[in-house]
$ cat my_file.pdb   # PDB, C-alpha atoms, pLDDT in the B column
MODEL        1
ATOM      1  CA  MET A 117      47.186 183.222 -59.112  1.00 73.00           C
ATOM      2  CA  LYS A 118      49.676 184.338 -56.460  1.00 87.00           C
ATOM      3  CA  TYR A 119      51.259 181.577 -54.403  1.00 94.00           C
ATOM      4  CA  ASN A 120      53.375 181.765 -51.265  1.00 96.00           C
ATOM      5  CA  TRP A 121      56.266 179.823 -52.748  1.00 97.00           C
ATOM      6  CA  LYS A 122      58.450 179.956 -49.653  1.00 96.00           C
ATOM      7  CA  GLU A 123      55.680 178.354 -47.632  1.00 97.00           C
ATOM      8  CA  ILE A 124      55.097 175.713 -50.314  1.00 98.00           C
ATOM      9  CA  ASN A 125      58.815 174.939 -50.390  1.00 98.00           C
ATOM     10  CA  ASP A 126      58.961 174.676 -46.595  1.00 97.00           C
ATOM     11  CA  ARG A 127      56.057 172.230 -46.631  1.00 98.00           C
ATOM     12  CA  LEU A 128      57.735 170.167 -49.353  1.00 98.00           C
ATOM     13  CA  VAL A 129      61.042 170.009 -47.483  1.00 97.00           C
ATOM     14  CA  ALA A 130      59.238 168.890 -44.330  1.00 96.00           C
ATOM     15  CA  ALA A 131      57.290 166.311 -46.344  1.00 97.00           C
ATOM     16  CA  ILE A 132      60.062 164.463 -48.214  1.00 96.00           C
ATOM     17  CA  ARG A 133      63.403 166.017 -47.195  1.00 94.00           C
ATOM     18  CA  PRO A 134      64.792 166.293 -50.743  1.00 92.00           C
ATOM     19  CA  SER A 135      68.547 166.593 -51.246  1.00 87.00           C
ATOM     20  CA  SER A 136      68.163 169.577 -53.618  1.00 93.00           C
ATOM     21  CA  SER A 137      65.606 172.271 -54.333  1.00 96.00           C
ATOM     22  CA  ALA A 138      62.442 171.642 -56.319  1.00 98.00           C
ATOM     23  CA  VAL A 139      62.549 173.656 -59.523  1.00 98.00           C
ATOM     24  CA  ALA A 140      59.876 175.687 -61.317  1.00 98.00           C
ATOM     25  CA  LEU A 141      60.024 175.613 -65.124  1.00 98.00           C
ATOM     26  CA  LYS A 142      58.514 178.057 -67.593  1.00 98.00           C
ATOM     27  CA  TYR A 143      58.487 177.977 -71.403  1.00 98.00           C
ATOM     28  CA  VAL A 144      58.777 181.497 -72.821  1.00 98.00           C
ATOM     29  CA  LYS A 145      57.594 182.657 -76.243  1.00 98.00           C
ATOM     30  CA  THR A 146      58.359 186.407 -76.243  1.00 98.00           C
ATOM     31  CA  GLU A 147      61.001 188.825 -75.025  1.00 97.00           C
ATOM     32  CA  GLU A 148      58.292 190.741 -73.152  1.00 97.00           C
ATOM     33  CA  GLU A 149      57.324 187.625 -71.209  1.00 97.00           C
ATOM     34  CA  LEU A 150      60.979 186.871 -70.489  1.00 98.00           C
ATOM     35  CA  ALA A 151      61.586 190.396 -69.190  1.00 97.00           C
ATOM     36  CA  GLN A 152      58.828 189.964 -66.599  1.00 97.00           C
ATOM     37  CA  ILE A 153      60.712 187.189 -64.783  1.00 98.00           C
ATOM     38  CA  PRO A 154      63.020 188.725 -62.157  1.00 98.00           C
ATOM     39  CA  ASN A 155      66.618 187.809 -61.275  1.00 98.00           C
ATOM     40  CA  VAL A 156      67.260 185.861 -64.487  1.00 98.00           C
ATOM     41  CA  LYS A 157      70.815 184.837 -65.340  1.00 97.00           C
ATOM     42  CA  PHE A 158      71.271 183.933 -69.018  1.00 97.00           C
ATOM     43  CA  TRP A 159      73.320 180.852 -69.789  1.00 95.00           C
ATOM     44  CA  SER A 160      75.901 181.766 -72.422  1.00 94.00           C
ATOM     45  CA  LYS A 161      77.609 178.465 -73.213  1.00 93.00           C
ATOM     46  CA  PRO A 162      76.452 176.928 -76.520  1.00 95.00           C
ATOM     47  CA  GLY A 163      75.241 173.351 -76.810  1.00 95.00           C
ATOM     48  CA  THR A 164      73.595 173.324 -73.366  1.00 96.00           C
ATOM     49  CA  THR A 165      70.709 171.116 -72.233  1.00 96.00           C
ATOM     50  CA  VAL A 166      67.595 172.019 -70.255  1.00 97.00           C
ATOM     51  CA  CYS A 167      68.439 169.375 -67.648  1.00 96.00           C
ATOM     52  CA  THR A 168      71.746 171.198 -67.076  1.00 96.00           C
ATOM     53  CA  MET A 169      69.726 174.311 -66.253  1.00 97.00           C
ATOM     54  CA  ILE A 170      67.534 172.334 -63.856  1.00 97.00           C
ATOM     55  CA  GLY A 171      70.571 170.959 -62.034  1.00 96.00           C
ATOM     56  CA  VAL A 172      72.089 174.438 -61.733  1.00 97.00           C
ATOM     57  CA  ALA A 173      68.838 175.918 -60.394  1.00 97.00           C
ATOM     58  CA  ALA A 174      68.330 173.044 -57.952  1.00 96.00           C
ATOM     59  CA  TYR A 175      71.819 173.094 -56.437  1.00 95.00           C
ATOM     60  CA  TRP A 176      72.944 176.711 -56.796  1.00 96.00           C
ATOM     61  CA  LYS A 177      69.503 178.233 -56.145  1.00 96.00           C
ATOM     62  CA  VAL A 178      69.567 180.663 -59.056  1.00 97.00           C
ATOM     63  CA  THR A 179      67.020 181.605 -61.696  1.00 98.00           C
ATOM     64  CA  VAL A 180      68.533 180.803 -65.067  1.00 98.00           C
ATOM     65  CA  ALA A 181      67.348 180.949 -68.679  1.00 98.00           C
ATOM     66  CA  LEU A 182      68.454 178.963 -71.699  1.00 98.00           C
ATOM     67  CA  ARG A 183      67.840 180.793 -74.956  1.00 98.00           C
ATOM     68  CA  SER A 184      67.320 178.882 -78.177  1.00 97.00           C
ATOM     69  CA  GLU A 185      70.650 179.983 -79.686  1.00 97.00           C
ATOM     70  CA  ASN A 186      72.613 178.307 -76.882  1.00 97.00           C
ATOM     71  CA  ALA A 187      70.607 175.070 -76.712  1.00 97.00           C
ATOM     72  CA  ASP A 188      71.921 171.658 -77.662  1.00 95.00           C
ATOM     73  CA  PRO A 189      70.230 170.831 -81.007  1.00 95.00           C
ATOM     74  CA  TYR A 190      68.468 167.653 -79.896  1.00 94.00           C
ATOM     75  CA  CYS A 191      67.527 168.987 -76.460  1.00 96.00           C
ATOM     76  CA  GLY A 192      66.395 172.356 -77.785  1.00 97.00           C
ATOM     77  CA  LYS A 193      64.124 170.760 -80.378  1.00 97.00           C
ATOM     78  CA  THR A 194      62.712 168.276 -77.882  1.00 97.00           C
ATOM     79  CA  ASN A 195      62.019 171.078 -75.389  1.00 98.00           C
ATOM     80  CA  GLY A 196      60.414 173.439 -77.887  1.00 97.00           C
ATOM     81  CA  ILE A 197      63.024 176.198 -78.077  1.00 98.00           C
ATOM     82  CA  LEU A 198      64.316 175.159 -81.514  1.00 98.00           C
ATOM     83  CA  LYS A 199      62.254 174.170 -84.544  1.00 98.00           C
ATOM     84  CA  ARG A 200      61.870 170.411 -84.914  1.00 97.00           C
ATOM     85  CA  ASP A 201      63.320 169.774 -88.341  1.00 97.00           C
ATOM     86  CA  GLN A 202      63.428 166.644 -90.497  1.00 96.00           C
ATOM     87  CA  ASP A 203      66.518 165.330 -88.702  1.00 95.00           C
ATOM     88  CA  TRP A 204      64.648 165.385 -85.381  1.00 93.00           C
ATOM     89  CA  HIS A 205      61.505 163.774 -86.782  1.00 96.00           C
ATOM     90  CA  TYR A 206      63.516 161.075 -88.552  1.00 94.00           C
ATOM     91  CA  GLY A 207      65.485 160.176 -85.427  1.00 93.00           C
ATOM     92  CA  VAL A 208      68.924 161.244 -86.597  1.00 94.00           C
ATOM     93  CA  TYR A 209      70.112 162.532 -83.216  1.00 91.00           C
ATOM     94  CA  LEU A 210      69.726 159.326 -81.186  1.00 92.00           C
ATOM     95  CA  ASN A 211      71.093 157.224 -84.052  1.00 91.00           C
ATOM     96  CA  SER A 212      74.347 159.165 -84.449  1.00 90.00           C
ATOM     97  CA  ASP A 213      77.853 158.964 -83.008  1.00 87.00           C
ATOM     98  CA  PRO A 214      79.188 159.351 -80.414  1.00 85.00           C
ATOM     99  CA  ILE A 215      76.108 158.038 -78.542  1.00 86.00           C
ATOM    100  CA  LYS A 216      73.739 155.762 -80.429  1.00 91.00           C
ATOM    101  CA  TRP A 217      70.693 154.959 -78.375  1.00 90.00           C
ATOM    102  CA  HIS A 218      69.118 153.092 -81.276  1.00 92.00           C
ATOM    103  CA  GLY A 219      71.039 150.794 -83.576  1.00 92.00           C
ATOM    104  CA  GLN A 220      68.586 151.397 -86.400  1.00 93.00           C
ATOM    105  CA  GLN A 221      67.368 154.811 -87.481  1.00 93.00           C
ATOM    106  CA  ALA A 222      63.863 153.400 -87.903  1.00 94.00           C
ATOM    107  CA  ASP A 223      63.768 152.687 -84.170  1.00 94.00           C
ATOM    108  CA  SER A 224      65.127 156.140 -83.365  1.00 94.00           C
ATOM    109  CA  ARG A 225      62.396 157.643 -85.541  1.00 95.00           C
ATOM    110  CA  LYS A 226      59.750 155.649 -83.637  1.00 96.00           C
ATOM    111  CA  HIS A 227      61.176 157.028 -80.384  1.00 95.00           C
ATOM    112  CA  ALA A 228      60.807 160.609 -81.647  1.00 96.00           C
ATOM    113  CA  GLN A 229      57.243 160.024 -82.780  1.00 96.00           C
ATOM    114  CA  LEU A 230      56.285 158.419 -79.466  1.00 96.00           C
ATOM    115  CA  MET A 231      57.546 161.483 -77.589  1.00 95.00           C
ATOM    116  CA  LEU A 232      55.937 164.060 -79.876  1.00 96.00           C
ATOM    117  CA  PRO A 233      52.421 164.192 -78.317  1.00 96.00           C
ATOM    118  CA  ASP A 234      53.948 165.126 -74.940  1.00 97.00           C
ATOM    119  CA  LEU A 235      56.276 167.857 -76.189  1.00 98.00           C
ATOM    120  CA  PRO A 236      55.669 171.620 -76.092  1.00 98.00           C
ATOM    121  CA  SER A 237      55.202 173.492 -79.343  1.00 98.00           C
ATOM    122  CA  ASP A 238      58.500 174.480 -80.952  1.00 97.00           C
ATOM    123  CA  ASP A 239      57.859 178.230 -81.055  1.00 97.00           C
ATOM    124  CA  HIS A 240      59.507 179.200 -77.751  1.00 98.00           C
ATOM    125  CA  ILE A 241      62.565 181.432 -77.436  1.00 98.00           C
ATOM    126  CA  ALA A 242      63.756 180.236 -74.016  1.00 98.00           C
ATOM    127  CA  VAL A 243      63.210 177.983 -71.049  1.00 98.00           C
ATOM    128  CA  VAL A 244      63.531 179.528 -67.577  1.00 98.00           C
ATOM    129  CA  VAL A 245      64.049 177.499 -64.406  1.00 98.00           C
ATOM    130  CA  SER A 246      64.194 178.614 -60.802  1.00 98.00           C
ATOM    131  CA  PRO A 247      64.105 177.085 -57.306  1.00 98.00           C
ATOM    132  CA  ILE A 248      60.489 177.306 -56.191  1.00 98.00           C
ATOM    133  CA  ALA A 249      61.425 179.023 -52.926  1.00 97.00           C
ATOM    134  CA  SER A 250      62.545 182.121 -54.857  1.00 97.00           C
ATOM    135  CA  GLY A 251      59.078 182.777 -56.267  1.00 97.00           C
ATOM    136  CA  ASP A 252      60.691 184.222 -59.405  1.00 98.00           C
ATOM    137  CA  ILE A 253      58.430 182.094 -61.604  1.00 98.00           C
ATOM    138  CA  GLU A 254      54.937 182.787 -60.336  1.00 95.00           C
ATOM    139  CA  GLU A 255      53.044 180.384 -62.603  1.00 96.00           C
ATOM    140  CA  PRO A 256      55.261 177.452 -63.633  1.00 98.00           C
ATOM    141  CA  ASP A 257      54.390 175.129 -66.486  1.00 98.00           C
ATOM    142  CA  ALA A 258      55.791 172.321 -64.331  1.00 98.00           C
ATOM    143  CA  ILE A 259      57.480 171.800 -60.980  1.00 98.00           C
ATOM    144  CA  ILE A 260      60.385 169.376 -61.110  1.00 98.00           C
ATOM    145  CA  PHE A 261      61.644 167.247 -58.230  1.00 97.00           C
ATOM    146  CA  SER A 262      64.590 164.968 -57.641  1.00 96.00           C
ATOM    147  CA  SER A 263      64.570 162.665 -54.650  1.00 96.00           C
ATOM    148  CA  ASP A 264      65.098 159.101 -53.567  1.00 96.00           C
ATOM    149  CA  PRO A 265      62.355 156.716 -54.768  1.00 96.00           C
ATOM    150  CA  GLY A 266      60.810 156.448 -51.295  1.00 96.00           C
ATOM    151  CA  ALA A 267      60.227 160.188 -51.119  1.00 97.00           C
ATOM    152  CA  ALA A 268      58.701 160.153 -54.601  1.00 97.00           C
ATOM    153  CA  PHE A 269      56.393 157.353 -53.520  1.00 97.00           C
ATOM    154  CA  HIS A 270      55.330 159.243 -50.401  1.00 98.00           C
ATOM    155  CA  LEU A 271      54.491 162.482 -52.215  1.00 98.00           C
ATOM    156  CA  LEU A 272      52.608 160.746 -55.026  1.00 97.00           C
ATOM    157  CA  ALA A 273      50.784 158.424 -52.621  1.00 97.00           C
ATOM    158  CA  ALA A 274      49.732 161.518 -50.676  1.00 97.00           C
ATOM    159  CA  PHE A 275      48.492 163.036 -53.932  1.00 97.00           C
ATOM    160  CA  VAL A 276      46.098 160.130 -54.550  1.00 96.00           C
ATOM    161  CA  GLU A 277      45.110 159.427 -50.911  1.00 93.00           C
ATOM    162  CA  LYS A 278      41.961 161.522 -51.445  1.00 90.00           C
ATOM    163  CA  ASP A 279      39.864 160.989 -54.569  1.00 86.00           C
ATOM    164  CA  ASN A 280      42.039 157.947 -55.175  1.00 87.00           C
ATOM    165  CA  HIS A 281      42.867 157.321 -58.802  1.00 91.00           C
ATOM    166  CA  GLN A 282      45.502 155.595 -60.861  1.00 93.00           C
ATOM    167  CA  ILE A 283      48.406 157.568 -62.318  1.00 93.00           C
ATOM    168  CA  ASP A 284      49.945 156.169 -65.479  1.00 93.00           C
ATOM    169  CA  PHE A 285      53.486 157.164 -66.390  1.00 93.00           C
ATOM    170  CA  PRO A 286      54.949 156.921 -69.891  1.00 92.00           C
ATOM    171  CA  PHE A 287      58.359 155.353 -70.361  1.00 94.00           C
ATOM    172  CA  ARG A 288      60.069 155.894 -73.700  1.00 93.00           C
ATOM    173  CA  GLY A 289      63.725 155.411 -72.927  1.00 91.00           C
ATOM    174  CA  GLU A 290      66.308 158.171 -73.240  1.00 93.00           C
ATOM    175  CA  SER A 291      64.953 161.709 -72.755  1.00 92.00           C
ATOM    176  CA  THR A 292      63.762 162.260 -69.188  1.00 89.00           C
ATOM    177  CA  CYS A 293      62.295 165.591 -70.271  1.00 95.00           C
ATOM    178  CA  ALA A 294      59.612 163.967 -72.422  1.00 96.00           C
ATOM    179  CA  ASP A 295      58.383 161.730 -69.598  1.00 97.00           C
ATOM    180  CA  THR A 296      58.502 164.377 -66.867  1.00 97.00           C
ATOM    181  CA  TRP A 297      58.344 168.162 -67.268  1.00 98.00           C
ATOM    182  CA  ASN A 298      57.268 168.100 -70.942  1.00 97.00           C
ATOM    183  CA  HIS A 299      54.566 165.529 -70.132  1.00 97.00           C
ATOM    184  CA  THR A 300      53.329 167.584 -67.173  1.00 98.00           C
ATOM    185  CA  ALA A 301      53.318 170.892 -69.032  1.00 98.00           C
ATOM    186  CA  VAL A 302      51.422 169.496 -72.017  1.00 98.00           C
ATOM    187  CA  THR A 303      48.988 167.081 -70.357  1.00 97.00           C
ATOM    188  CA  GLY A 304      48.707 168.581 -66.871  1.00 97.00           C
ATOM    189  CA  LEU A 305      49.483 165.162 -65.385  1.00 97.00           C
ATOM    190  CA  PRO A 306      52.305 164.109 -63.055  1.00 97.00           C
ATOM    191  CA  GLY A 307      55.342 162.599 -64.757  1.00 97.00           C
ATOM    192  CA  ILE A 308      58.105 160.382 -63.451  1.00 96.00           C
ATOM    193  CA  SER A 309      61.346 159.025 -64.855  1.00 95.00           C
ATOM    194  CA  LEU A 310      63.890 156.591 -63.534  1.00 95.00           C
ATOM    195  CA  GLY A 311      66.462 159.095 -64.780  1.00 93.00           C
ATOM    196  CA  CYS A 312      67.973 158.953 -68.248  1.00 92.00           C
ATOM    197  CA  ARG A 313      71.669 159.155 -69.103  1.00 92.00           C
ATOM    198  CA  GLY A 314      71.380 162.808 -70.097  1.00 91.00           C
ATOM    199  CA  ASP A 315      69.717 163.812 -66.849  1.00 92.00           C
ATOM    200  CA  ARG A 316      72.338 161.985 -64.782  1.00 93.00           C
ATOM    201  CA  CYS A 317      75.304 163.253 -66.811  1.00 91.00           C
ATOM    202  CA  CYS A 318      74.073 166.840 -67.281  1.00 89.00           C
ATOM    203  CA  GLY A 319      71.239 167.462 -64.836  1.00 91.00           C
ATOM    204  CA  ALA A 320      72.959 166.543 -61.550  1.00 92.00           C
ATOM    205  CA  LEU A 321      70.421 163.759 -60.917  1.00 93.00           C
ATOM    206  CA  GLY A 322      71.973 161.453 -58.334  1.00 93.00           C
ATOM    207  CA  ASN A 323      72.431 157.731 -58.913  1.00 93.00           C
ATOM    208  CA  GLY A 324      69.970 156.971 -56.118  1.00 94.00           C
ATOM    209  CA  GLU A 325      67.370 159.520 -57.248  1.00 96.00           C
ATOM    210  CA  VAL A 326      64.414 159.645 -59.606  1.00 96.00           C
ATOM    211  CA  ARG A 327      63.058 162.665 -61.460  1.00 96.00           C
ATOM    212  CA  TYR A 328      59.383 163.617 -61.383  1.00 97.00           C
ATOM    213  CA  SER A 329      57.111 166.561 -62.032  1.00 98.00           C
ATOM    214  CA  MET A 330      53.690 167.983 -61.166  1.00 98.00           C
ATOM    215  CA  LYS A 331      51.509 171.004 -61.715  1.00 98.00           C
ATOM    216  CA  THR A 332      51.335 173.501 -58.843  1.00 98.00           C
ATOM    217  CA  GLU A 333      47.724 172.617 -58.049  1.00 97.00           C
ATOM    218  CA  ASP A 334      48.599 168.923 -57.788  1.00 98.00           C
ATOM    219  CA  LEU A 335      51.575 169.628 -55.545  1.00 98.00           C
ATOM    220  CA  LEU A 336      49.266 171.498 -53.153  1.00 98.00           C
ATOM    221  CA  VAL A 337      46.878 168.522 -53.137  1.00 98.00           C
ATOM    222  CA  ALA A 338      49.833 166.226 -52.433  1.00 98.00           C
ATOM    223  CA  LEU A 339      51.058 168.396 -49.562  1.00 98.00           C
ATOM    224  CA  ASP A 340      47.591 168.420 -48.029  1.00 98.00           C
ATOM    225  CA  GLY A 341      47.675 164.641 -48.326  1.00 98.00           C
ATOM    226  CA  VAL A 342      51.035 164.580 -46.548  1.00 98.00           C
ATOM    227  CA  ASP A 343      49.508 166.563 -43.676  1.00 97.00           C
ATOM    228  CA  ARG A 344      46.627 164.103 -43.455  1.00 96.00           C
ATOM    229  CA  LEU A 345      48.988 161.104 -43.433  1.00 95.00           C
ATOM    230  CA  ARG A 346      51.125 162.766 -40.775  1.00 94.00           C
ATOM    231  CA  SER A 347      48.069 163.249 -38.565  1.00 93.00           C
ATOM    232  CA  ASP A 348      47.579 159.481 -38.688  1.00 89.00           C
ATOM    233  CA  GLY A 349      51.210 158.715 -37.864  1.00 87.00           C
ATOM    234  CA  ILE A 350      52.602 158.123 -41.363  1.00 91.00           C
ATOM    235  CA  GLU A 351      55.732 160.227 -41.751  1.00 92.00           C
ATOM    236  CA  TYR A 352      58.587 160.126 -44.261  1.00 94.00           C
ATOM    237  CA  PRO A 353      61.227 158.737 -43.975  1.00 93.00           C
ATOM    238  CA  TYR A 354      59.449 155.623 -42.779  1.00 91.00           C
ATOM    239  CA  TYR A 355      60.438 154.031 -39.500  1.00 84.00           C
ATOM    240  CA  PRO A 356      61.718 150.588 -40.558  1.00 83.00           C
ATOM    241  CA  ASP A 357      59.586 148.688 -38.043  1.00 77.00           C
ATOM    242  CA  GLY A 358      56.258 150.197 -39.022  1.00 71.00           C
ATOM    243  CA  VAL A 359      53.999 152.833 -37.426  1.00 71.00           C
ATOM    244  CA  LEU A 360      54.223 153.340 -33.669  1.00 72.00           C
ATOM    245  CA  ASP A 361      51.389 154.328 -31.392  1.00 74.00           C
ATOM    246  CA  LEU A 362      53.383 156.870 -29.411  1.00 74.00           C
ATOM    247  CA  GLU A 363      50.621 157.209 -26.810  1.00 80.00           C
ATOM    248  CA  ASN A 364      50.911 153.531 -25.890  1.00 81.00           C
ATOM    249  CA  LEU A 365      54.566 152.533 -26.158  1.00 80.00           C
TER
ENDMDL
END

$ encode --input "my_file.pdb" --output "structure tokens"
Amino acid sequence: MKYNWKEINDRLVAAIRPSSSAVALKYVKTEEELAQIPNVKFWSKPGTTVCTMIGVAAYWKVTVALRSENADPYCGKTNGILKRDQDWHYGVYLNSDPIKWHGQQADSRKHAQLMLPDLPSDDHIAVVVSPIASGDIEEPDAIIFSSDPGAAFHLLAAFVEKDNHQIDFPFRGESTCADTWNHTAVTGLPGISLGCRGDRCCGALGNGEVRYSMKTEDLLVALDGVDRLRSDGIEYPYYPDGVLDLENL
């Protein structure tokens, strides 16, 4: 389906005033599929993470691809562009120097297994990310946002204001990708993370921001909800003394 991505981006900016661009993400399995995405810059530095790509796309407004051969081993295997080998499944990466997230390898292995149902298959050759306003990725697997928590609340509350339902978010510790864009791409559900160390060190996620993700269809529902809330006087950022009846000041 063709979307007017500039219009969607303009609506999003008006809705939550994010500090950086929302980013479209696409997992790519073939060279033919990769060649169909316009304006792609290929990241050439080895050992790079997907969250680094997201930060670059969000702030520098470029469409950039990370091929499997240049991916950080743990990140690449988690994000499906490198084969998940025994070391990944047995939790070696998060139980190794210089950064040990789990003091025992058994706990690191449990972490890997908890993430696995929400991860893309490991047969992709690249991940491509792009600011949504560019329209370079027509059908994203996930749209990724960074904003202050209040803005995240407003957009997600607008998403559920019609056909109200509960959204449950997984939290599995280090690895924002599993709880956000991987979770969204695999399950179709919104994802949110408080922001892991990797995303803050590599992905340009600000100390006052959270990371979250949605499918395109859900973002459009959320933006319609924002319009409805605005028509009833609820606008973000919130006026600290509540909602004013501007007709009767």

$ resolve_selection --input "my_file.pdb" --expression "the PyMOL selection byres ((chain A and resi 147-151) around 9)" --output "VMD selection string"
chain A and resid 144 to 146 152 to 154 156 181 241 to 242 244

$ residues_around --input "my_file.pdb" --residues "range 188-203 of chain A" --least-positions-apart "3" --cutoff "7 Å" --atoms "all atoms listed in the file" --output "compact mmCIF listing (two decimals) with C-alpha atoms, in the coordinates of the input"
# COMPACT_ATOMS: atom_id res chain seq x y z
CA GLY A 163 75.24 173.35 -76.81
CA THR A 164 73.60 173.32 -73.37
CA THR A 165 70.71 171.12 -72.23
CA VAL A 166 67.60 172.02 -70.26
CA SER A 184 67.32 178.88 -78.18
CA TYR A 206 63.52 161.07 -88.55
CA GLY A 207 65.48 160.18 -85.43
CA VAL A 208 68.92 161.24 -86.60
CA TYR A 209 70.11 162.53 -83.22
CA LEU A 235 56.28 167.86 -76.19
CA PRO A 236 55.67 171.62 -76.09
CA SER A 237 55.20 173.49 -79.34
CA ASP A 238 58.50 174.48 -80.95
CA ASP A 239 57.86 178.23 -81.06
CA HIS A 240 59.51 179.20 -77.75
CA ILE A 241 62.56 181.43 -77.44
CA ALA A 242 63.76 180.24 -74.02

$ resolve_selection --input "my_file.pdb" --expression "the PyMOL selection byres ((chain A and resi 118) around 9)" --output "list of chain:residue names"
A:Met117, A:Tyr119, A:Asn120, A:Trp121, A:Glu254, A:Glu255

$ closest_residue --input "my_file.pdb" --among "A:Ala267, A:Ile350, A:Leu321, A:Leu305" --to "Thr292 in chain A" --atoms "only C-alpha atoms"
A:Leu321

$ residues_around --input "my_file.pdb" --residues "range 175-178 of chain A" --least-positions-apart "5" --cutoff "8 Å" --atoms "all atoms listed in the file" --output "ChimeraX atom specification"
/A:136-137,156-157,246-247

$ resolve_selection --input "my_file.pdb" --expression "the PyMOL selection byres ((chain A and resi 217-228) around 7)" --output "PyMOL selection string"
chain A and resi 205-208+210-211+215-216+229-232+288

$ residues_around --input "my_file.pdb" --residues "Ser262 in chain A" --least-positions-apart "5" --cutoff "10 Å" --atoms "only C-alpha atoms" --output "list in words"
Pro134, Ser135, Ser136, Ser137, Ala138, Val139, Gly171, Ala174, Ala267, Ala268, Ile308, Ser309, Gly311, Ala320, Leu321, Gly322, Gly324, Glu325, Val326, Arg327, Tyr328 and Ser329 of chain A

$ closest_residue --input "my_file.pdb" --among "A:Val172, A:Leu339, A:Pro162, A:Asp213" --to "Asn186 in chain A" --atoms "only C-alpha atoms"
A:Pro162

$ atom_distance --input "my_file.pdb" --atom1 "CA of Cys317 in chain A" --atom2 "CA of Trp297 in chain A"
17.7 Å

$ atom_distance --input "my_file.pdb" --atom1 "CA of Gly358 in chain A" --atom2 "CA of Ile283 in chain A"
25.7 Å

$ residues_around --input "my_file.pdb" --residues "Pro353 in chain A" --least-positions-apart "3" --cutoff "9 Å" --atoms "all atoms listed in the file" --output "ChimeraX atom specification"
/A:131-133,266-267,270,356
